[in-house]
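Trainee: Structure in C-alpha cells, see below.
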Amino acid sequence: MSHIFPRNTRVTLPTAAKGDGCYLIDSTGKRYLDACGGAAVSCLGHSNEKVIEAIKTQLDKFSFAHTGFFGSEPAEELANKLVAQAPTGIDRVYLVSGGSEAMESAVKLVRQYFVEKGEHQRSHMIARWQSYHGNTLGALSAGGNKWRREMFGPLLIEMSHIDPCYTYRYMQEGETEEEYGLRAANLLEDEILRVGPEKVAAFFAEPVVGATMGAVPAVKGYLKRIREICDKYGILLVLDEVMCGMGRTGHIFACNEDEVRPDIVAVAKGIGAGYQPLGAMLCSKEIYDTIAEGSGFFQHGHTYMGHSLAAAAGSAVMDQLTEPGRMEHVRAMGEKLSAALHDEFGQHPYVGDIRGRGLFRALELVSDRGTKAPLDPSFKLHAKVKQNAMKAGLMCYPMGGTVDGKTGDHILLGPPFIIDDSHIAEIVEKLSLAMKESFTQVGV
Ligand code: PLP
C-alpha cells in the first residue's frame, strides 16, 4: 500500500525506473518518448553524463552550505553564466529551487524595491489572463488561470489582469499582426490609467505562454510596446521565462528574440534540466543597488536556495546550452517539428491552431475550425490524449481549455534539445494515434 499523496488521486501511474536520452523507461521495461520534458524541463534528455558528473564532483566536495553562512563556487559560476546570456541590464541572480519560488521572489522583490524607494503606494501589480506564474500565493495572484485561482481567493495580493497577446483568438479580421500587437499592448496602458499610474508597481508576462494556453508567442513588437509603456509610468517589467526560457524557443532567454529588456526575469525548469530542482530570479543592477544601498537585506529566502548541487547541475547545463550550434539545432528541429505537425494535423477537423517557437510547440483543439468553439469541457479530451499517448509510449502535455471558453484544449510539446528526425516522426505518429483513439472515445 502506498503512502504517497499524489496530486491526482484518481489515476494510477507507471513507476519510472530509468532514463535513456529522450526516453523514460518504467519498471516493466516500457519505453516512453519524452516529447514534453515532463513540463518543458528535461531539455538535455534523461541521462546527460556531463550534468551527472558535475553533480557527483560537487557532492564529493560538499553538498549543503547555508547561504546565510557561505557563498559557493558553483553558485558564483552559474550566476556569471546566466548574466552573460541575459538581456542587457540584468546583473544579479537570486538562486532558488523552482519556478514558483522564482516568481514569488519576483513579486516580493517588486514590493520591497518600491518600499525602499519610499514609494509605498506602488503596490498594485498587473498581469494577464490565461497565464500561469506558479502555485504559491503571490505567484498564483499573478497567474490568470481562473480555475487555479478560484478556490484560494481572496488571494494575498490582488492583482488585476488584461487580455494576453493571443493571435488565434483575439486578432481581428483585417488587422495586421503589428496593429494587433500594439492594440494588445495598449491594454496595459488602459489598465494603468484605470488603476492610477502612481499605484502601479509592475507588469508580469510570459514572453511565450506555456502551460495555460499552449506555446502562444507574443507577436513581434508587442513586448517592445509593453516596455515603452512600463518606462513611461516608471513600472517594472517582470518576464516569466520559467517554461519558455533556457533555450526552449531557440534562444537562451526567449525575450532576447523580442529584443526587450526586462527589469526582472525568472527562469527554472530547463536550467536544472530535471537533474536538480533549480530556479533563478534575475534582476537589474538598479533594483539590486536599491536594496543593497537601502536596507541591505532582501526580506525573502528559502533554506535550500543556492544549493551547491543544484548550482553545479545548472552550471553544467548552461555550458551545454551555450555550446556552438546548440540553439541553431533547437531552432532547426523546431521548424521540422512544426512542419511535421502541419503535415499531419494541418487539415484535422478538430485542430484549430498549430503554433510555437523553437522546440516549444502546441496544437489547439476546437470543435469547429470555422467558429473556433472549444470542445465540450466535459469530454476532458486533454486527459484522454495524455492517457492514450502514454499507452502508445509517448509523453505529451495536454491541458484543458479555460472555463470561460477563451482558450481551447491544447497539447503542448517540449521535447529534449537532443532529438533527431526519427524522434519527430515517432512523436507525430504516436500523437496521431492517441488523438484518434481519444476522439473515438468521446464519440466525435
Ligand atoms: N511560471 C511558469 C511560466 C510556469 O510554466 C511554471 C510551471 O509550470 C511556473 C512558473 C511554476 O514553476 P514550478 O512548477 O517549478 O514551481
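Chains: A, B, ... in order of the C-alpha cells. Residues: from 1 per chain. Ligands: from 1, in order shown.
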Which residues are near ligand 1 - at most 7 Å, using only C-alpha atoms and all ligand atoms? Format: as a PyMOL selection string.

Mentor: chain A and resi 39+98-101+103+132-135+206+209-211+240-243+268-269

Trainee: Can you tell me which residues surround Ile287 of chain A at a distance of at most 9 Å, considering only C-alpha atoms, apart from same-chain residues fewer than 5 positions away, and format the answer as a PyMOL selection string?

Mentor: chain A and resi 109-110+113+263-264+292

Trainee: Print the selection's residues with N, CA and C atoms to a file, as a compact mmCIF listing (two decimals), in the first residue's frame.

Mentor:
```txt
# COMPACT_ATOMS: atom_id res chain seq x y z
N LEU A 109 10.26 41.03 -4.42
CA LEU A 109 11.32 41.99 -4.74
C LEU A 109 10.70 43.30 -5.27
N VAL A 110 9.67 43.16 -6.10
CA VAL A 110 8.99 44.35 -6.62
C VAL A 110 8.48 45.20 -5.45
N TYR A 113 11.39 46.73 -3.42
CA TYR A 113 12.08 47.77 -4.21
C TYR A 113 11.36 49.12 -4.04
N ASP A 263 13.11 44.16 -16.28
CA ASP A 263 13.80 44.56 -15.04
C ASP A 263 14.08 43.34 -14.20
N ILE A 264 13.17 42.36 -14.32
CA ILE A 264 13.31 41.10 -13.59
C ILE A 264 12.93 39.99 -14.55
N ALA A 292 20.64 47.01 -1.92
CA ALA A 292 21.97 46.95 -1.31
C ALA A 292 22.30 48.26 -0.59
```

Trainee: Show me a table, sorted first by chain and then by increasing residue number, of the residues of segment 10-109 of chain A having an atom at most 12 Å from segment 306-320 of chain A, each with its shortest atom pair and the distance in Å to one decimal, counting only C-alpha atoms and written as JSON lines.

Mentor:
```
{"residue": "A:Val41", "atom": "CA", "partner": "A:Val317", "partner_atom": "CA", "distance": 11.7}
{"residue": "A:Ser42", "atom": "CA", "partner": "A:Val317", "partner_atom": "CA", "distance": 10.5}
{"residue": "A:Cys43", "atom": "CA", "partner": "A:Val317", "partner_atom": "CA", "distance": 9.0}
{"residue": "A:Leu44", "atom": "CA", "partner": "A:Val317", "partner_atom": "CA", "distance": 7.8}
{"residue": "A:Gly45", "atom": "CA", "partner": "A:Val317", "partner_atom": "CA", "distance": 11.1}
{"residue": "A:Asn48", "atom": "CA", "partner": "A:Val317", "partner_atom": "CA", "distance": 9.3}
{"residue": "A:Glu49", "atom": "CA", "partner": "A:Ala316", "partner_atom": "CA", "distance": 10.0}
{"residue": "A:Lys50", "atom": "CA", "partner": "A:Ala316", "partner_atom": "CA", "distance": 6.7}
{"residue": "A:Val51", "atom": "CA", "partner": "A:Ala316", "partner_atom": "CA", "distance": 5.4}
{"residue": "A:Ile52", "atom": "CA", "partner": "A:Ala313", "partner_atom": "CA", "distance": 7.5}
{"residue": "A:Glu53", "atom": "CA", "partner": "A:Ala313", "partner_atom": "CA", "distance": 8.8}
{"residue": "A:Ala54", "atom": "CA", "partner": "A:Ala312", "partner_atom": "CA", "distance": 6.0}
{"residue": "A:Ile55", "atom": "CA", "partner": "A:Leu309", "partner_atom": "CA", "distance": 5.5}
{"residue": "A:Lys56", "atom": "CA", "partner": "A:Leu309", "partner_atom": "CA", "distance": 8.3}
{"residue": "A:Thr57", "atom": "CA", "partner": "A:Ala312", "partner_atom": "CA", "distance": 8.7}
{"residue": "A:Gln58", "atom": "CA", "partner": "A:Leu309", "partner_atom": "CA", "distance": 6.2}
{"residue": "A:Leu59", "atom": "CA", "partner": "A:Leu309", "partner_atom": "CA", "distance": 6.7}
{"residue": "A:Asp60", "atom": "CA", "partner": "A:Leu309", "partner_atom": "CA", "distance": 10.2}
{"residue": "A:Lys61", "atom": "CA", "partner": "A:Ser308", "partner_atom": "CA", "distance": 9.7}
{"residue": "A:Phe62", "atom": "CA", "partner": "A:Ser308", "partner_atom": "CA", "distance": 7.7}
{"residue": "A:Ser63", "atom": "CA", "partner": "A:Ser308", "partner_atom": "CA", "distance": 5.7}
{"residue": "A:Phe64", "atom": "CA", "partner": "A:His307", "partner_atom": "CA", "distance": 6.2}
{"residue": "A:Ala65", "atom": "CA", "partner": "A:His307", "partner_atom": "CA", "distance": 7.4}
{"residue": "A:His66", "atom": "CA", "partner": "A:His307", "partner_atom": "CA", "distance": 7.8}
{"residue": "A:Thr67", "atom": "CA", "partner": "A:Gly306", "partner_atom": "CA", "distance": 6.7}
{"residue": "A:Gly68", "atom": "CA", "partner": "A:Gly306", "partner_atom": "CA", "distance": 10.4}
{"residue": "A:Phe69", "atom": "CA", "partner": "A:Gly306", "partner_atom": "CA", "distance": 11.7}
{"residue": "A:Phe70", "atom": "CA", "partner": "A:Gly306", "partner_atom": "CA", "distance": 10.1}
{"residue": "A:Gly71", "atom": "CA", "partner": "A:Gly306", "partner_atom": "CA", "distance": 8.5}
{"residue": "A:Ser72", "atom": "CA", "partner": "A:Ser308", "partner_atom": "CA", "distance": 6.9}
{"residue": "A:Glu73", "atom": "CA", "partner": "A:Ser308", "partner_atom": "CA", "distance": 8.1}
{"residue": "A:Pro74", "atom": "CA", "partner": "A:Ala312", "partner_atom": "CA", "distance": 5.0}
{"residue": "A:Ala75", "atom": "CA", "partner": "A:Ala311", "partner_atom": "CA", "distance": 5.2}
{"residue": "A:Glu76", "atom": "CA", "partner": "A:Ala311", "partner_atom": "CA", "distance": 8.6}
{"residue": "A:Glu77", "atom": "CA", "partner": "A:Ser315", "partner_atom": "CA", "distance": 6.6}
{"residue": "A:Leu78", "atom": "CA", "partner": "A:Ser315", "partner_atom": "CA", "distance": 4.7}
{"residue": "A:Ala79", "atom": "CA", "partner": "A:Ser315", "partner_atom": "CA", "distance": 8.4}
{"residue": "A:Asn80", "atom": "CA", "partner": "A:Ser315", "partner_atom": "CA", "distance": 9.3}
{"residue": "A:Lys81", "atom": "CA", "partner": "A:Met318", "partner_atom": "CA", "distance": 6.8}
{"residue": "A:Leu82", "atom": "CA", "partner": "A:Met318", "partner_atom": "CA", "distance": 7.6}
{"residue": "A:Val83", "atom": "CA", "partner": "A:Met318", "partner_atom": "CA", "distance": 11.1}
{"residue": "A:Ala84", "atom": "CA", "partner": "A:Met318", "partner_atom": "CA", "distance": 10.5}
{"residue": "A:Gln85", "atom": "CA", "partner": "A:Met318", "partner_atom": "CA", "distance": 9.5}
{"residue": "A:Ala86", "atom": "CA", "partner": "A:Met318", "partner_atom": "CA", "distance": 11.9}
{"residue": "A:Val93", "atom": "CA", "partner": "A:Gly306", "partner_atom": "CA", "distance": 9.9}
{"residue": "A:Tyr94", "atom": "CA", "partner": "A:Gly306", "partner_atom": "CA", "distance": 7.8}
{"residue": "A:Leu95", "atom": "CA", "partner": "A:Gly306", "partner_atom": "CA", "distance": 4.9}
{"residue": "A:Val96", "atom": "CA", "partner": "A:Gly306", "partner_atom": "CA", "distance": 6.0}
{"residue": "A:Ser97", "atom": "CA", "partner": "A:Gly306", "partner_atom": "CA", "distance": 7.9}
{"residue": "A:Gly98", "atom": "CA", "partner": "A:Ala310", "partner_atom": "CA", "distance": 10.4}
{"residue": "A:Ala102", "atom": "CA", "partner": "A:Gly306", "partner_atom": "CA", "distance": 11.9}
```

Trainee: Write out as a PyMOL selection string which residues come within 12 Å of Ile291 of chain A when counting only C-alpha atoms, dropping same-chain ones fewer than 5 positions away.

Mentor: chain A and resi 92+109-118+283-286+296-299

Trainee: Those residues with C-alpha atoms, as a PDB file, in the first residue's frame please?

Mentor:
```pdb
ATOM      1  CA  ARG A  92      22.179  39.865 -10.333  1.00  0.00           C
ATOM      2  CA  LEU A 109      11.320  41.995  -4.736  1.00  0.00           C
ATOM      3  CA  VAL A 110       8.994  44.352  -6.619  1.00  0.00           C
ATOM      4  CA  ARG A 111       7.261  45.264  -3.347  1.00  0.00           C
ATOM      5  CA  GLN A 112      10.469  45.736  -1.416  1.00  0.00           C
ATOM      6  CA  TYR A 113      12.081  47.770  -4.209  1.00  0.00           C
ATOM      7  CA  PHE A 114       9.330  50.390  -4.100  1.00  0.00           C
ATOM      8  CA  VAL A 115       9.174  50.386  -0.299  1.00  0.00           C
ATOM      9  CA  GLU A 116      12.935  51.046  -0.162  1.00  0.00           C
ATOM     10  CA  LYS A 117      12.475  53.885  -2.643  1.00  0.00           C
ATOM     11  CA  GLY A 118       9.830  55.375  -0.376  1.00  0.00           C
ATOM     12  CA  CYS A 283      17.211  41.449 -11.737  1.00  0.00           C
ATOM     13  CA  SER A 284      18.728  44.694 -12.922  1.00  0.00           C
ATOM     14  CA  LYS A 285      21.629  46.428 -11.228  1.00  0.00           C
ATOM     15  CA  GLU A 286      19.315  49.310 -10.370  1.00  0.00           C
ATOM     16  CA  GLY A 296      20.910  45.818   2.517  1.00  0.00           C
ATOM     17  CA  PHE A 297      18.676  42.821   3.134  1.00  0.00           C
ATOM     18  CA  PHE A 298      16.145  41.183   0.822  1.00  0.00           C
ATOM     19  CA  GLN A 299      13.266  40.121   3.088  1.00  0.00           C
TER      20      GLN A 299
END
```

Trainee: Rank A:Ser2, A:Gln441, A:Thr249, A:Gln387 by their smallest atom-to-atom distance to Gly356 of chain A, using only C-alpha atoms, and report the top residue only.

Mentor: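 Ranked by minimum distance to Gly356 of chain A, first place goes to A:Thr249.
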
Trainee: As an exercise, work out the distance from atom CA of Gly250 of chain A to atom CA of Leu182 of chain A in Å and give it to one decimal place.

Mentor: 24.7 Å

Trainee: For the strand (DSSP E or B) assignment from backbone DSSP, which residues of segment 124-270 of chain A qualify? Please present them as a ChimeraX atom specification.

Mentor: /A:124-128,160-162,200-205,208-209,216-217,236-240,264-267

Trainee: Excluding Pro217 of chain A and its own-chain neighbours fewer than 5 positions away, which residues fall within 10 Å of it when counting only C-alpha atoms? Please give them as a PyMOL selection string.

Mentor: chain A and resi 164-167+206-210+222+244+249+254+258+355-357+360-361

Trainee: Restricting the output to C-alpha atoms, write the selected residues as a PDB file, in the first residue's frame.

Mentor:
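Printed below is selection.pdb as written:
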```
ATOM      1  CA  PRO A 164      -2.979  38.237 -23.349  1.00  0.00           C
ATOM      2  CA  CYS A 165      -1.439  38.668 -26.783  1.00  0.00           C
ATOM      3  CA  TYR A 166      -3.104  35.699 -28.479  1.00  0.00           C
ATOM      4  CA  THR A 167      -3.389  35.982 -32.227  1.00  0.00           C
ATOM      5  CA  GLU A 206       5.383  35.147 -20.117  1.00  0.00           C
ATOM      6  CA  PRO A 207       7.056  36.003 -23.466  1.00  0.00           C
ATOM      7  CA  VAL A 208       5.685  32.709 -24.802  1.00  0.00           C
ATOM      8  CA  VAL A 209       2.741  31.479 -22.737  1.00  0.00           C
ATOM      9  CA  GLY A 210       3.188  27.826 -21.830  1.00  0.00           C
ATOM     10  CA  TYR A 222       4.131  43.584 -28.516  1.00  0.00           C
ATOM     11  CA  CYS A 244       9.883  29.285 -22.299  1.00  0.00           C
ATOM     12  CA  THR A 249      12.463  28.779 -28.009  1.00  0.00           C
ATOM     13  CA  ALA A 254      13.245  33.973 -25.032  1.00  0.00           C
ATOM     14  CA  ASP A 258      11.825  40.042 -28.856  1.00  0.00           C
ATOM     15  CA  ARG A 355       1.925  27.332 -33.088  1.00  0.00           C
ATOM     16  CA  GLY A 356       5.026  27.965 -31.028  1.00  0.00           C
ATOM     17  CA  ARG A 357       8.706  28.796 -31.246  1.00  0.00           C
ATOM     18  CA  PHE A 360       8.055  24.711 -27.762  1.00  0.00           C
ATOM     19  CA  ARG A 361       5.045  23.841 -29.915  1.00  0.00           C
TER      20      ARG A 361
END
```

Trainee: Which residues come within 9 Å of Glu437 of chain A, counting only C-alpha atoms, excluding same-chain residues fewer than 3 positions away, as a list of chain:residue names?

Mentor: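 So the residues in contact are A:Lys384, A:Val385, A:Asn388, A:Ser432, A:Leu433, A:Ala434, A:Thr440, A:Gln441, A:Val442.
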
Trainee: Could you list, as number ranges by chain, every residue within 7 Å of Ile235 of chain A, counting only C-alpha atoms and ignoring same-chain residues fewer than 4 positions away?

Mentor: A: 200-202, 230-231

Trainee: Keeping only C-alpha atoms, write the selected residues as an mmCIF file, in the first residue's frame.

Mentor:
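New file result28.cif:
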```
data_model
loop_
_atom_site.group_PDB
_atom_site.id
_atom_site.type_symbol
_atom_site.label_atom_id
_atom_site.label_comp_id
_atom_site.auth_asym_id
_atom_site.auth_seq_id
_atom_site.Cartn_x
_atom_site.Cartn_y
_atom_site.Cartn_z
ATOM 1 C CA VAL A 200 1.191 50.521 -10.136
ATOM 2 C CA ALA A 201 4.432 48.679 -9.379
ATOM 3 C CA ALA A 202 4.883 46.026 -12.050
ATOM 4 C CA CYS A 230 6.303 50.499 -18.396
ATOM 5 C CA ASP A 231 9.042 53.120 -18.889
#
```
